[in-house]
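Read the structure below first, then the notes.
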Amino acid sequence: MKPAALGFRVHSGWTSLIALAMEKKQPVILARQRPHLVATISYTFRQPYHTAEKMDLVEASAFLQQQCSEARALALTALRAAQTEAAQQGYKLTSAALLLASGRPLPELPKILASHSLIHTADGEFFREALLHACARADLAITTIKERELLATASVTLCRKPVILTQFVSSLGKPLGSPWTQNSPPSPPGSRSPLTIRF
């Protein structure tokens, strides 16, 4: 089968997912999904470190471990579904890319729970870790890049001006509907046939 790649952008309790391949130097979108990384979409589970902040340390640690196991399992399920969808179209997912935040490395749990700014950072990293774990389980080569550096890096790599790339990505997503923009609502049911966009 022909190679394809996954891309992720994490949100609170869910992720945007897109499967992409190249045909004749043009991108072909194979799948786009909005998989949940928590079983219940509520503040309690979408913001696990905010929830843990209100617990004692032992209870907080147990809660986060339980949620970590759940998030990892859901991430792997979503990834397997994307693999199946790509395979049905003649492609094999071989790599993945994940956008990172710009925050500094996190300290130990007691220090995280004592700092509201670190709690916000930890909530984002929590779901990124679940996706990285799932990609490793599926033997996908993983690329990570800070979101604020993405456009500049792509501009250099693709030899295109940032404004051209921004317009291209916007055009790429326009006929697809959601999830595409940074804060897309859940996508409606419908066909997910491949779509080729000229670049």
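If you're wondering about the labels, chains in the structure tokens are A, B, ... by order shown, residues count from 1 in each chain, ligands from 1 in order shown.
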**Message:** At a cut-off of 12 Å, using only C-alpha atoms, what residues contact A:Arg137? Leave out same-chain residues fewer than 2 positions from it and give the result as a list in words.
**Reply:**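 Residues near the query, excluding close chain neighbours: Arg72, Ala73, Ala75, Leu76, Thr77, Leu79, Arg80, Ala130, Leu131, Leu132, His133, Ala134, Cys135, Asp139, Leu140, Ala141 and Ile142 of chain A.
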**Prompt:** So which bits of stretch 4-112 of chain A end up helix (DSSP H, G or I) when you DSSP the backbone, as a VMD selection string?
**Reply:** chain A and resid 43 to 46 48 to 52 57 to 87 109 to 112
**Request:** Per DSSP on the backbone, filter stretch 4-199 of chain A down to the residues in strand (DSSP E) and report them as a ChimeraX atom specification.
**Result:** /A:4-11,14-23,26-33,91-100,141-146,195-196
**Asked** With only C-alpha atoms as the atoms that count, which of A:Arg104, A:His120, A:Lys174, A:Lys24 lies nearest to A:Gln47?
**Response**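 Smallest separation from A:Gln47 among the options: A:His120.
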**Prompt:** Between A:Val10, A:Ala138, A:Ala78, A:Leu172, which one has atoms that come closest to A:Leu93, using only C-alpha atoms?
**Reply:**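 Of the candidates, the smallest distance to A:Leu93 is held by A:Ala138.
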What lies within 12 Å of A:Lys111 using only C-alpha atoms, ignoring chain neighbours under 6 positions off, as a PDB file with N, CA, C and O atoms, in the first residue's frame?
ATOM      1  N   TYR A  49      -6.233  18.095  35.268  1.00  0.00           N
ATOM      2  CA  TYR A  49      -5.403  18.694  36.319  1.00  0.00           C
ATOM      3  C   TYR A  49      -6.169  19.748  37.107  1.00  0.00           C
ATOM      4  O   TYR A  49      -5.912  19.928  38.296  1.00  0.00           O
ATOM      5  N   GLU A  53      -6.627  19.360  41.120  1.00  0.00           N
ATOM      6  CA  GLU A  53      -6.228  20.448  42.011  1.00  0.00           C
ATOM      7  C   GLU A  53      -7.050  20.461  43.298  1.00  0.00           C
ATOM      8  O   GLU A  53      -6.559  20.851  44.363  1.00  0.00           O
ATOM      9  N   LEU A  57      -3.132  14.851  47.424  1.00  0.00           N
ATOM     10  CA  LEU A  57      -2.130  14.400  46.471  1.00  0.00           C
ATOM     11  C   LEU A  57      -2.311  12.941  46.069  1.00  0.00           C
ATOM     12  O   LEU A  57      -2.176  12.588  44.894  1.00  0.00           O
ATOM     13  N   SER A 117      -1.040  28.358  36.385  1.00  0.00           N
ATOM     14  CA  SER A 117      -0.515  28.398  35.019  1.00  0.00           C
ATOM     15  C   SER A 117       0.035  27.034  34.603  1.00  0.00           C
ATOM     16  O   SER A 117      -0.149  26.603  33.455  1.00  0.00           O
ATOM     17  N   LEU A 118       0.697  26.333  35.535  1.00  0.00           N
ATOM     18  CA  LEU A 118       1.199  24.996  35.224  1.00  0.00           C
ATOM     19  C   LEU A 118       0.064  23.989  35.053  1.00  0.00           C
ATOM     20  O   LEU A 118       0.176  23.048  34.266  1.00  0.00           O
ATOM     21  N   ILE A 119      -1.021  24.182  35.765  1.00  0.00           N
ATOM     22  CA  ILE A 119      -2.195  23.312  35.609  1.00  0.00           C
ATOM     23  C   ILE A 119      -2.733  23.407  34.190  1.00  0.00           C
ATOM     24  O   ILE A 119      -3.061  22.395  33.557  1.00  0.00           O
ATOM     25  N   ALA A 122      -0.326  21.578  31.972  1.00  0.00           N
ATOM     26  CA  ALA A 122      -0.393  20.134  32.192  1.00  0.00           C
ATOM     27  C   ALA A 122      -1.616  19.513  31.532  1.00  0.00           C
ATOM     28  O   ALA A 122      -1.550  18.387  31.016  1.00  0.00           O
TER      29      ALA A 122
END
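Every protein or nucleic acid residue with an atom no more than 12 Å from A:Lys2, counting only C-alpha atoms and leaving out same-chain residues fewer than 5 positions away, appears here: Leu20, Ala21, Met22, Glu23, Val28, Leu30, Ala86, Ala87, Gln88, Gln89, Gly90, Tyr91, Lys92, Leu93 and Thr94 of chain A.
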**Request:** Work out how far atom CA of A:Ser12 is from atom CA of A:His36, in Å to one decimal.
**Result:** 9.2 Å
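Proximity to A:Phe168 at 12 Å, evaluated using only C-alpha atoms and with sequence-adjacent residues fewer than 4 positions away removed, yields Gln26, Pro27, Leu151, Ser155, Arg160, Lys161, Pro162, Val163, Ile164, Leu172, Gly173, Lys174, Ile197, Arg198 and Phe199 of chain A.
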